[in-house]
>>> print(open('target_20.pdb').read())   # PDB, C-alpha atoms and all ligand atoms
ATOM      1  CA  MET A   1     127.408  87.663 118.331
ATOM      2  CA  ALA A   2     124.534  90.045 117.621
ATOM      3  CA  ILE A   3     120.986  89.609 118.837
ATOM      4  CA  LEU A   4     118.775  88.845 115.865
ATOM      5  CA  ILE A   5     115.836  91.237 115.495
ATOM      6  CA  ASP A   6     112.987  88.930 114.570
ATOM      7  CA  GLY A   7     110.838  90.988 112.211
ATOM      8  CA  LYS A   8     108.690  87.991 111.362
ATOM      9  CA  GLN A   9     107.601  87.467 114.975
ATOM     10  CA  LEU A  10     107.140  91.195 115.639
ATOM     11  CA  ALA A  11     104.939  91.417 112.555
ATOM     12  CA  ILE A  12     102.801  88.525 113.822
ATOM     13  CA  ASP A  13     102.425  90.359 117.152
ATOM     14  CA  VAL A  14     101.377  93.581 115.383
ATOM     15  CA  ARG A  15      98.826  91.770 113.187
ATOM     16  CA  THR A  16      97.406  89.897 116.186
ATOM     17  CA  ARG A  17      96.913  93.193 118.069
ATOM     18  CA  ILE A  18      95.212  94.714 115.023
ATOM     19  CA  LYS A  19      92.943  91.704 114.557
ATOM     20  CA  GLU A  20      91.780  91.915 118.170
ATOM     21  CA  ALA A  21      91.244  95.675 117.986
ATOM     22  CA  THR A  22      89.441  95.390 114.641
ATOM     23  CA  ALA A  23      86.898  92.989 116.118
ATOM     24  CA  LYS A  24      85.738  95.844 118.393
ATOM     25  CA  LEU A  25      85.180  98.368 115.576
ATOM     26  CA  PRO A  26      81.642  99.201 114.370
ATOM     27  CA  ARG A  27      82.554  98.169 110.803
ATOM     28  CA  ARG A  28      85.429  96.447 109.020
ATOM     29  CA  PRO A  29      88.264  98.673 107.806
ATOM     30  CA  GLY A  30      88.476  98.715 104.001
ATOM     31  CA  LEU A  31      91.651  98.679 101.928
ATOM     32  CA  ALA A  32      91.639  99.159  98.151
ATOM     33  CA  VAL A  33      94.756  97.994  96.342
ATOM     34  CA  ILE A  34      95.318  99.001  92.719
ATOM     35  CA  LEU A  35      97.640  96.944  90.559
ATOM     36  CA  VAL A  36      98.376  97.984  86.991
ATOM     37  CA  GLY A  37     100.378  95.691  84.735
ATOM     38  CA  GLU A  38     101.844  92.251  85.247
ATOM     39  CA  ASP A  39     105.078  92.798  87.170
ATOM     40  CA  PRO A  40     105.636  89.425  88.925
ATOM     41  CA  ALA A  41     107.084  90.939  92.112
ATOM     42  CA  SER A  42     104.125  93.336  92.372
ATOM     43  CA  GLN A  43     101.714  90.410  91.962
ATOM     44  CA  VAL A  44     103.350  88.702  94.963
ATOM     45  CA  TYR A  45     103.257  91.888  97.073
ATOM     46  CA  VAL A  46      99.570  92.383  96.292
ATOM     47  CA  ARG A  47      98.699  88.770  97.143
ATOM     48  CA  ASN A  48     100.501  89.213 100.478
ATOM     49  CA  LYS A  49      98.457  92.334 101.196
ATOM     50  CA  GLU A  50      95.270  90.408 100.432
ATOM     51  CA  LYS A  51      96.327  87.686 102.889
ATOM     52  CA  ASP A  52      97.173  90.270 105.555
ATOM     53  CA  CYS A  53      93.764  91.941 105.113
ATOM     54  CA  ILE A  54      91.988  88.617 105.602
ATOM     55  CA  HIS A  55      94.101  87.894 108.677
ATOM     56  CA  CYS A  56      93.328  91.271 110.262
ATOM     57  CA  GLY A  57      89.600  91.082 109.490
ATOM     58  CA  PHE A  58      89.654  93.902 106.934
ATOM     59  CA  ALA A  59      87.559  94.171 103.804
ATOM     60  CA  GLY A  60      90.228  94.091 101.121
ATOM     61  CA  GLN A  61      89.450  94.887  97.495
ATOM     62  CA  THR A  62      91.984  94.561  94.693
ATOM     63  CA  PHE A  63      91.647  96.316  91.345
ATOM     64  CA  ARG A  64      93.791  94.428  88.834
ATOM     65  CA  MET A  65      94.217  96.108  85.490
ATOM     66  CA  GLU A  66      96.282  94.736  82.646
ATOM     67  CA  ASP A  67      96.684  98.271  81.413
ATOM     68  CA  CYS A  68      94.907 101.600  81.753
ATOM     69  CA  SER A  69      95.390 105.277  80.995
ATOM     70  CA  GLU A  70      96.392 107.834  83.583
ATOM     71  CA  GLU A  71      92.912 109.388  83.342
ATOM     72  CA  GLU A  72      91.208 106.036  84.012
ATOM     73  CA  LEU A  73      93.397 105.498  87.046
ATOM     74  CA  LEU A  74      92.672 108.999  88.346
ATOM     75  CA  ALA A  75      88.942 108.384  87.905
ATOM     76  CA  LEU A  76      89.173 105.137  89.905
ATOM     77  CA  ILE A  77      91.065 106.890  92.711
ATOM     78  CA  GLU A  78      88.454 109.637  92.754
ATOM     79  CA  ARG A  79      85.685 107.039  93.177
ATOM     80  CA  LEU A  80      87.599 105.339  95.992
ATOM     81  CA  ASN A  81      88.291 108.686  97.678
ATOM     82  CA  LYS A  82      84.504 109.200  97.887
ATOM     83  CA  ASN A  83      83.671 105.645  98.966
ATOM     84  CA  GLU A  84      82.910 105.701 102.699
ATOM     85  CA  ASN A  85      83.728 102.025 103.138
ATOM     86  CA  ILE A  86      87.258 102.464 101.859
ATOM     87  CA  ASP A  87      89.695 103.681 104.504
ATOM     88  CA  GLY A  88      92.953 103.112 102.680
ATOM     89  CA  ILE A  89      94.001 103.309  99.027
ATOM     90  CA  LEU A  90      97.257 101.818  97.883
ATOM     91  CA  VAL A  91      98.639 101.979  94.369
ATOM     92  CA  GLN A  92     101.219  99.245  93.892
ATOM     93  CA  LEU A  93     104.457 100.671  92.479
ATOM     94  CA  PRO A  94     106.093 100.715  90.023
ATOM     95  CA  LEU A  95     103.453 101.943  87.572
ATOM     96  CA  PRO A  96     103.883 101.531  83.813
ATOM     97  CA  ALA A  97     106.066 104.251  82.257
ATOM     98  CA  HIS A  98     103.169 106.069  80.545
ATOM     99  CA  ILE A  99     101.582 106.899  83.918
ATOM    100  CA  ASN A 100     102.861 109.807  86.006
ATOM    101  CA  GLU A 101     103.483 108.224  89.407
ATOM    102  CA  ARG A 102     103.564 111.508  91.341
ATOM    103  CA  ARG A 103     100.268 112.674  89.854
ATOM    104  CA  ILE A 104      98.607 109.403  90.834
ATOM    105  CA  LEU A 105      99.957 109.339  94.390
ATOM    106  CA  GLU A 106      98.959 112.959  94.950
ATOM    107  CA  ALA A 107      95.384 112.209  93.805
ATOM    108  CA  ILE A 108      94.840 109.916  96.813
ATOM    109  CA  ASP A 109      92.968 111.570  99.683
ATOM    110  CA  PRO A 110      95.704 112.143 102.325
ATOM    111  CA  ASP A 111      93.380 110.616 104.944
ATOM    112  CA  LYS A 112      93.353 107.380 102.909
ATOM    113  CA  ASP A 113      97.027 107.485 101.973
ATOM    114  CA  VAL A 114      98.095 104.403 103.935
ATOM    115  CA  ASP A 115     101.532 104.340 102.264
ATOM    116  CA  ALA A 116     102.014 107.934 103.557
ATOM    117  CA  PHE A 117     103.614 109.097 100.298
ATOM    118  CA  HIS A 118     101.354 112.168  99.797
ATOM    119  CA  PRO A 119     103.240 115.471 100.273
ATOM    120  CA  ALA A 120     100.579 116.583 102.792
ATOM    121  CA  ASN A 121     101.419 113.578 104.969
ATOM    122  CA  VAL A 122     105.166 113.995 104.474
ATOM    123  CA  GLY A 123     104.790 117.615 105.627
ATOM    124  CA  ARG A 124     102.807 116.586 108.699
ATOM    125  CA  MET A 125     105.486 114.057 109.591
ATOM    126  CA  VAL A 126     108.225 116.675 109.226
ATOM    127  CA  VAL A 127     106.519 119.090 111.610
ATOM    128  CA  GLY A 128     105.549 116.293 114.019
ATOM    129  CA  LYS A 129     101.744 116.376 113.614
ATOM    130  CA  PRO A 130      99.767 113.123 113.998
ATOM    131  CA  VAL A 131      99.872 111.325 110.676
ATOM    132  CA  LEU A 132     100.047 107.946 108.992
ATOM    133  CA  LEU A 133     103.751 107.083 108.766
ATOM    134  CA  PRO A 134     105.536 105.467 105.816
ATOM    135  CA  CYS A 135     105.452 101.723 106.398
ATOM    136  CA  THR A 136     109.111 100.716 106.114
ATOM    137  CA  PRO A 137     110.676 103.390 108.355
ATOM    138  CA  ALA A 138     107.781 103.097 110.824
ATOM    139  CA  GLY A 139     108.378  99.335 110.901
ATOM    140  CA  VAL A 140     112.041  99.900 111.753
ATOM    141  CA  MET A 141     111.028 102.271 114.564
ATOM    142  CA  GLU A 142     108.737  99.543 115.946
ATOM    143  CA  MET A 143     111.738  97.216 115.980
ATOM    144  CA  PHE A 144     113.762  99.718 118.038
ATOM    145  CA  HIS A 145     110.891 100.082 120.495
ATOM    146  CA  ALA A 146     110.240  96.346 120.764
ATOM    147  CA  TYR A 147     113.914  95.584 121.489
ATOM    148  CA  GLY A 148     114.371  98.523 123.885
ATOM    149  CA  ILE A 149     116.880 100.279 121.618
ATOM    150  CA  ASP A 150     116.910 103.902 122.767
ATOM    151  CA  LEU A 151     117.965 106.338 120.034
ATOM    152  CA  ALA A 152     118.312 109.462 122.174
ATOM    153  CA  GLY A 153     121.810 110.902 121.804
ATOM    154  CA  LYS A 154     122.880 108.118 119.446
ATOM    155  CA  HIS A 155     124.603 108.724 116.140
ATOM    156  CA  CYS A 156     122.317 107.150 113.533
ATOM    157  CA  VAL A 157     123.617 106.804 109.983
ATOM    158  CA  VAL A 158     121.192 106.130 107.131
ATOM    159  CA  VAL A 159     122.574 104.838 103.834
ATOM    160  CA  GLY A 160     120.061 105.925 101.183
ATOM    161  CA  ARG A 161     117.947 109.048 100.804
ATOM    162  CA  SER A 162     114.871 107.928  98.878
ATOM    163  CA  ASN A 163     111.523 109.511  99.656
ATOM    164  CA  ILE A 164     110.028 106.211 100.771
ATOM    165  CA  VAL A 165     112.819 104.832 102.962
ATOM    166  CA  GLY A 166     115.984 106.865 103.604
ATOM    167  CA  LYS A 167     114.618 110.368 104.175
ATOM    168  CA  PRO A 168     111.640 109.453 106.393
ATOM    169  CA  MET A 169     113.833 106.957 108.274
ATOM    170  CA  GLY A 170     116.242 109.723 109.263
ATOM    171  CA  LEU A 171     113.396 112.062 110.218
ATOM    172  CA  LEU A 172     111.741 109.502 112.483
ATOM    173  CA  MET A 173     115.035 108.844 114.261
ATOM    174  CA  LEU A 174     115.608 112.592 114.632
ATOM    175  CA  ARG A 175     112.187 112.804 116.313
ATOM    176  CA  GLU A 176     113.543 110.427 118.951
ATOM    177  CA  ASP A 177     116.554 112.671 119.610
ATOM    178  CA  ALA A 178     119.157 110.864 117.537
ATOM    179  CA  THR A 179     121.896 112.719 115.701
ATOM    180  CA  VAL A 180     121.354 111.697 112.093
ATOM    181  CA  THR A 181     123.704 111.486 109.114
ATOM    182  CA  PHE A 182     122.422 110.670 105.605
ATOM    183  CA  CYS A 183     124.735 108.936 103.120
ATOM    184  CA  HIS A 184     124.069 108.401  99.418
ATOM    185  CA  SER A 185     125.800 107.579  96.178
ATOM    186  CA  LYS A 186     127.715 110.881  96.201
ATOM    187  CA  THR A 187     129.087 110.395  99.730
ATOM    188  CA  PRO A 188     132.860 110.370  99.120
ATOM    189  CA  ASP A 189     133.915 108.022 101.937
ATOM    190  CA  LEU A 190     130.969 105.839 102.899
ATOM    191  CA  ALA A 191     132.987 103.609 105.235
ATOM    192  CA  ALA A 192     134.220 106.605 107.252
ATOM    193  CA  CYS A 193     130.572 107.571 107.904
ATOM    194  CA  THR A 194     129.213 104.094 108.620
ATOM    195  CA  ARG A 195     132.038 103.375 111.083
ATOM    196  CA  GLU A 196     130.781 106.293 113.187
ATOM    197  CA  ALA A 197     127.295 104.827 113.490
ATOM    198  CA  ASP A 198     125.846 103.619 116.777
ATOM    199  CA  VAL A 199     122.821 102.697 114.694
ATOM    200  CA  LEU A 200     123.275 101.940 111.001
ATOM    201  CA  VAL A 201     120.246 101.692 108.710
ATOM    202  CA  VAL A 202     121.103 100.555 105.206
ATOM    203  CA  ALA A 203     118.692 101.066 102.304
ATOM    204  CA  ALA A 204     120.760 101.368  99.150
ATOM    205  CA  GLY A 205     119.751  98.262  97.218
ATOM    206  CA  ARG A 206     123.391  97.266  96.610
ATOM    207  CA  GLN A 207     124.079  93.672  97.581
ATOM    208  CA  GLY A 208     127.154  93.311  99.808
ATOM    209  CA  LEU A 209     127.693  97.073 100.188
ATOM    210  CA  ILE A 210     128.326  96.909 103.942
ATOM    211  CA  SER A 211     131.181  94.726 105.185
ATOM    212  CA  ALA A 212     132.315  94.177 108.770
ATOM    213  CA  ASP A 213     135.176  96.694 108.498
ATOM    214  CA  MET A 214     132.550  99.403 107.841
ATOM    215  CA  VAL A 215     130.707  98.732 111.102
ATOM    216  CA  LYS A 216     131.561  99.904 114.613
ATOM    217  CA  GLU A 217     131.856  97.217 117.311
ATOM    218  CA  GLY A 218     128.478  96.952 119.074
ATOM    219  CA  ALA A 219     126.479  98.892 116.486
ATOM    220  CA  VAL A 220     122.808  98.208 115.788
ATOM    221  CA  VAL A 221     122.541  97.250 112.114
ATOM    222  CA  ILE A 222     119.256  97.377 110.222
ATOM    223  CA  ASP A 223     119.260  96.051 106.668
ATOM    224  CA  VAL A 224     116.267  97.371 104.742
ATOM    225  CA  ALA A 225     117.365  96.226 101.315
ATOM    226  CA  MET A 226     115.847  93.380  99.313
ATOM    227  CA  ASN A 227     118.139  92.403  96.482
ATOM    228  CA  ARG A 228     117.586  89.350  94.343
ATOM    229  CA  ASP A 229     120.864  87.392  94.349
ATOM    230  CA  PRO A 230     121.683  86.819  90.664
ATOM    231  CA  GLU A 231     123.213  83.411  91.390
ATOM    232  CA  THR A 232     120.773  81.869  93.868
ATOM    233  CA  GLY A 233     117.664  83.910  93.012
ATOM    234  CA  LYS A 234     117.142  84.407  96.756
ATOM    235  CA  PHE A 235     116.562  87.722  98.546
ATOM    236  CA  THR A 236     119.607  89.243 100.217
ATOM    237  CA  GLY A 237     120.295  92.546 101.896
ATOM    238  CA  ASP A 238     123.026  95.165 101.496
ATOM    239  CA  VAL A 239     124.853  93.968 104.607
ATOM    240  CA  LEU A 240     127.258  91.006 104.578
ATOM    241  CA  PHE A 241     125.309  89.319 107.341
ATOM    242  CA  ASP A 242     127.707  86.512 108.291
ATOM    243  CA  GLU A 243     130.625  88.818 109.031
ATOM    244  CA  VAL A 244     128.680  91.813 110.381
ATOM    245  CA  GLU A 245     126.639  89.787 112.895
ATOM    246  CA  LYS A 246     129.908  88.985 114.705
ATOM    247  CA  LYS A 247     130.460  92.697 115.350
ATOM    248  CA  ALA A 248     126.993  94.172 115.780
ATOM    249  CA  SER A 249     124.942  94.224 118.987
ATOM    250  CA  TYR A 250     121.639  93.804 117.096
ATOM    251  CA  ILE A 251     121.054  92.912 113.465
ATOM    252  CA  THR A 252     118.098  92.253 111.149
ATOM    253  CA  PRO A 253     118.101  89.281 108.777
ATOM    254  CA  VAL A 254     117.028  89.397 105.129
ATOM    255  CA  PRO A 255     114.507  87.947 104.621
ATOM    256  CA  GLY A 256     112.577  87.950 107.913
ATOM    257  CA  GLY A 257     113.627  91.396 109.127
ATOM    258  CA  VAL A 258     112.283  94.700 107.876
ATOM    259  CA  GLY A 259     110.105  93.222 105.094
ATOM    260  CA  PRO A 260     107.466  91.588 107.347
ATOM    261  CA  MET A 261     107.313  94.730 109.490
ATOM    262  CA  THR A 262     106.601  96.879 106.424
ATOM    263  CA  ARG A 263     103.605  94.659 105.709
ATOM    264  CA  ALA A 264     102.416  94.802 109.309
ATOM    265  CA  ILE A 265     102.634  98.594 109.501
ATOM    266  CA  LEU A 266     100.529  98.893 106.364
ATOM    267  CA  MET A 267      97.779  97.036 108.219
ATOM    268  CA  GLN A 268      98.318  99.288 111.235
ATOM    269  CA  ASN A 269      97.889 102.322 108.986
ATOM    270  CA  VAL A 270      94.646 100.969 107.516
ATOM    271  CA  TYR A 271      93.346 100.359 111.022
ATOM    272  CA  ALA A 272      94.368 103.879 112.120
ATOM    273  CA  ALA A 273      92.772 105.443 109.024
ATOM    274  CA  ALA A 274      89.576 103.491 109.689
ATOM    275  CA  ARG A 275      89.416 104.702 113.281
ATOM    276  CA  HIS A 276      89.879 108.239 112.034
ATOM    277  CA  HIS A 277      87.049 107.840 109.503
ATOM    278  CA  MET A 278      84.802 106.346 112.194
ATOM    279  CA  GLY A 279      85.398 109.343 114.450
ATOM    280  CA  LEU A 280      87.184 107.191 117.049
ATOM    281  CA  ASP A 281      90.511 108.945 116.666
ATOM    282  CA  THR A 282      90.810 111.260 119.625
ATOM    283  CA  GLU A 283      94.320 112.491 118.908
ATOM    284  CA  GLU A 284      94.493 116.257 118.452
ATOM    285  CA  GLU A 285      94.868 117.389 114.847
TER     286      GLU A 285
HETATM  287  P1  LIG B   1     116.194 103.836  95.823
HETATM  288  O1  LIG B   1     115.070 104.780  95.582
HETATM  289  O2  LIG B   1     116.883 103.195  94.662
HETATM  290  O3  LIG B   1     117.285 104.578  96.710
HETATM  291  C1  LIG B   1     118.528 104.016  96.973
HETATM  292  C2  LIG B   1     119.360 105.006  97.736
HETATM  293  O4  LIG B   1     120.618 104.416  98.010
HETATM  294  C3  LIG B   1     119.635 106.303  96.969
HETATM  295  O5  LIG B   1     119.493 107.394  97.830
HETATM  296  C4  LIG B   1     121.082 106.144  96.498
HETATM  297  O6  LIG B   1     121.791 107.361  96.439
HETATM  298  C5  LIG B   1     121.664 105.286  97.600
HETATM  299  N1  LIG B   1     122.796 104.492  97.129
HETATM  300  C6  LIG B   1     122.851 103.689  96.047
HETATM  301  N2  LIG B   1     124.065 103.145  95.929
HETATM  302  C7  LIG B   1     124.808 103.625  96.944
HETATM  303  C8  LIG B   1     126.154 103.443  97.333
HETATM  304  N3  LIG B   1     126.997 102.639  96.661
HETATM  305  N4  LIG B   1     126.589 104.084  98.437
HETATM  306  C9  LIG B   1     125.759 104.888  99.135
HETATM  307  N5  LIG B   1     124.470 105.098  98.807
HETATM  308  C10 LIG B   1     124.008 104.477  97.713
HETATM  309  O7  LIG B   1     115.736 102.622  96.724
HETATM  310  P2  LIG B   1     114.646 102.553  97.920
HETATM  311  O8  LIG B   1     113.281 102.512  97.335
HETATM  312  O9  LIG B   1     114.967 103.534  98.969
HETATM  313  O10 LIG B   1     114.972 101.089  98.461
HETATM  314  C11 LIG B   1     116.249 100.761  98.964
HETATM  315  C12 LIG B   1     116.337  99.277  99.192
HETATM  316  O11 LIG B   1     115.374  98.915 100.162
HETATM  317  C13 LIG B   1     116.020  98.408  97.973
HETATM  318  O12 LIG B   1     116.795  97.236  98.040
HETATM  319  C14 LIG B   1     114.549  98.053  98.154
HETATM  320  O13 LIG B   1     114.206  96.837  97.524
HETATM  321  C15 LIG B   1     114.499  97.932  99.647
HETATM  322  N6  LIG B   1     113.174  98.153 100.229
HETATM  323  C16 LIG B   1     112.773  97.238 101.138
HETATM  324  C17 LIG B   1     111.574  97.401 101.766
HETATM  325  C18 LIG B   1     111.174  96.399 102.788
HETATM  326  O14 LIG B   1     110.021  96.333 103.155
HETATM  327  N7  LIG B   1     112.120  95.631 103.320
HETATM  328  C19 LIG B   1     110.747  98.478 101.464
HETATM  329  C20 LIG B   1     111.196  99.422 100.536
HETATM  330  C21 LIG B   1     112.427  99.248  99.927
HETATM  331  P3  LIG B   1     121.385 108.569  95.421
HETATM  332  O15 LIG B   1     120.217 109.236  96.028
HETATM  333  O16 LIG B   1     122.583 109.436  95.418
HETATM  334  O17 LIG B   1     121.096 107.919  94.098
END
>>> encode(input="target_20.pdb", output="structure tokens", more="lines below")
Ligand code: NAP
Amino acid sequence: MAILIDGKQLAIDVRTRIKEATAKLPRRPGLAVILVGEDPASQVYVRNKEKDCIHCGFAGQTFRMEDCSEEELLALIERLNKNENIDGILVQLPLPAHINERRILEAIDPDKDVDAFHPANVGRMVVGKPVLLPCTPAGVMEMFHAYGIDLAGKHCVVVGRSNIVGKPMGLLMLREDATVTFCHSKTPDLAACTREADVLVVAAGRQGLISADMVKEGAVVIDVAMNRDPETGKFTGDVLFDEVEKKASYITPVPGGVGPMTRAILMQNVYAAARHHMGLDTEEE
């Protein structure tokens, strides 16, 4: 039976550390969250971020807009870029179809890009310079570290190649000397790849995609996905948890696995950005 990686508890530990460290800063870190439209899931995510900010002692500010033009949104981001009390700017995705997502994300000052989606930050991550890291993959790396899972020399297989999860996930594991394989919807024999994995990270968004026969005995299995089960309405992952946990050495649950860590790393990024803006960041550029 696999050891359960408790993302919920790890996230509490991360937030507690941040809260204590924040109390020693000369001013409160500031996070601006922009929400356009009325997507119910986005409303929940934004409320959670507000709660996390309060918990960590940050000054959180949410800009809720029923609708706005791309130019209005760009103007708001420009104001926030210049505001010295704002350390992080986060635009909740998805944006309405009439707004060019890329253009908006690239307007955020890379130093305030706490989601780490800006190409300047992606580039810094690729070449290994100090940078804010994308929250979900960085949260998974924290899980490996917390549970003493050493990636060096391991074969890590990532299912999914999105810019926000799959690609950065593979890059971060490569940085820790793993041998990395990326799978995606055009991979002809997914099972043949996943069965080779010492560490399997699944982020496809396809409920039930990974069954026990696709997993090597003793593998570490990380389920990033959050699918809404059409029958129960509950969140489920891509991995068939009940059968895979019998074969894996470590496994993450959904919910209570990667999701809480993503939230915690966002707070860690705001804290890191704030330190940088306060001139307390001594790491070499
Ligand atoms: P995405 O942009 O839709 O990317 C999904 C990736 O999975 C794509 O690369 C796609 O391949 C691949 N894929 C789809 N079906 C596949 C299949 N049958 N076999 C192999 N690969 C397949 O999604 P995302 O934003 O990366 O998110 C992935 C999942 O993680 C979603 O369930 C999302 O809700 C969840 N998520 C969770 C968190 C969290 O905090 N826990 C954060 C972010 C995302 P192609 O590139 O070929 O299309």
>>> residues_around(input="target_20.pdb", residues="Gly160 in chain A", least_positions_apart="3", cutoff="9 Å", atoms="only C-alpha atoms", output="number ranges by chain")
A: 165-167, 182-185, 201-205
>>> closest_residue(input="target_20.pdb", among="A:Ala178, A:Ala192, A:Ile12, A:Leu105", to="Asp52 in chain A", atoms="all atoms listed in the file")
A:Ile12
>>> closest_atom_pairs(input="target_20.pdb", of="chain A", to="ligand LIG 1 (chain B)", cutoff="8 Å", atoms="only C-alpha atoms and all ligand atoms", output="CSV")
residue,atom,partner,partner_atom,distance
A:Cys135,CA,B:LIG1,O14,7.8
A:Thr136,CA,B:LIG1,O14,5.4
A:Val159,CA,B:LIG1,N5,5.4
A:Gly160,CA,B:LIG1,O4,3.6
A:Arg161,CA,B:LIG1,O5,3.7
A:Ser162,CA,B:LIG1,O9,4.4
A:Asn163,CA,B:LIG1,O9,6.9
A:Ile164,CA,B:LIG1,O9,5.9
A:Val165,CA,B:LIG1,O9,4.7
A:Gly166,CA,B:LIG1,O9,5.8
A:Cys183,CA,B:LIG1,C9,5.8
A:His184,CA,B:LIG1,N5,3.4
A:Ser185,CA,B:LIG1,O16,3.8
A:Lys186,CA,B:LIG1,O16,5.4
A:Thr187,CA,B:LIG1,C9,6.5
A:Leu190,CA,B:LIG1,N4,6.5
A:Val202,CA,B:LIG1,C12,7.8
A:Ala203,CA,B:LIG1,C11,4.1
A:Ala204,CA,B:LIG1,O4,3.3
A:Gly205,CA,B:LIG1,O12,3.2
A:Arg206,CA,B:LIG1,N2,6.0
A:Leu209,CA,B:LIG1,N3,6.6
A:Asp223,CA,B:LIG1,N7,7.9
A:Val224,CA,B:LIG1,N7,4.7
A:Ala225,CA,B:LIG1,O12,3.5
A:Met226,CA,B:LIG1,O12,4.2
A:Asn227,CA,B:LIG1,O12,5.3
A:Gly237,CA,B:LIG1,O12,7.0
A:Asp238,CA,B:LIG1,O12,7.4
A:Gly257,CA,B:LIG1,N7,7.3
A:Val258,CA,B:LIG1,N7,4.7
A:Gly259,CA,B:LIG1,N7,3.6
A:Pro260,CA,B:LIG1,O14,6.8
A:Met261,CA,B:LIG1,O14,7.1
A:Thr262,CA,B:LIG1,O14,4.8
A:Arg263,CA,B:LIG1,O14,7.1
>>> atom_distance(input="target_20.pdb", atom1="CA of Gly208 in chain A", atom2="CA of Met173 in chain A")
24.4 Å
>>> atom_distance(input="target_20.pdb", atom1="CA of Glu106 in chain A", atom2="CA of His118 in chain A")
5.5 Å
>>> resolve_selection(input="target_20.pdb", expression="the PyMOL selection byres (((chain A and resi 121-126) around 10) and not hetatm)", output="list in words")
Pro110, Asp111, Asp113, Val114, Asp115, Ala116, Phe117, His118, Pro119, Ala120, Val127, Gly128, Lys129, Pro130, Val131, Leu132, Leu133, Pro134, Asn163, Ile164, Pro168, Leu171, Leu172 and Arg175 of chain A
>>> residues_around(input="target_20.pdb", residues="Ile210 in chain A", least_positions_apart="4", cutoff="9 Å", atoms="only C-alpha atoms", output="ChimeraX atom specification")
/A:191,194,202,206,214-215,238-241,244
>>> residues_around(input="target_20.pdb", residues="Thr16 in chain A", least_positions_apart="6", cutoff="12 Å", atoms="all atoms listed in the file", output="JSON, numbers by chain")
{"A": [9, 10, 22, 23, 52, 53, 54, 55, 56, 57, 264, 267, 268]}
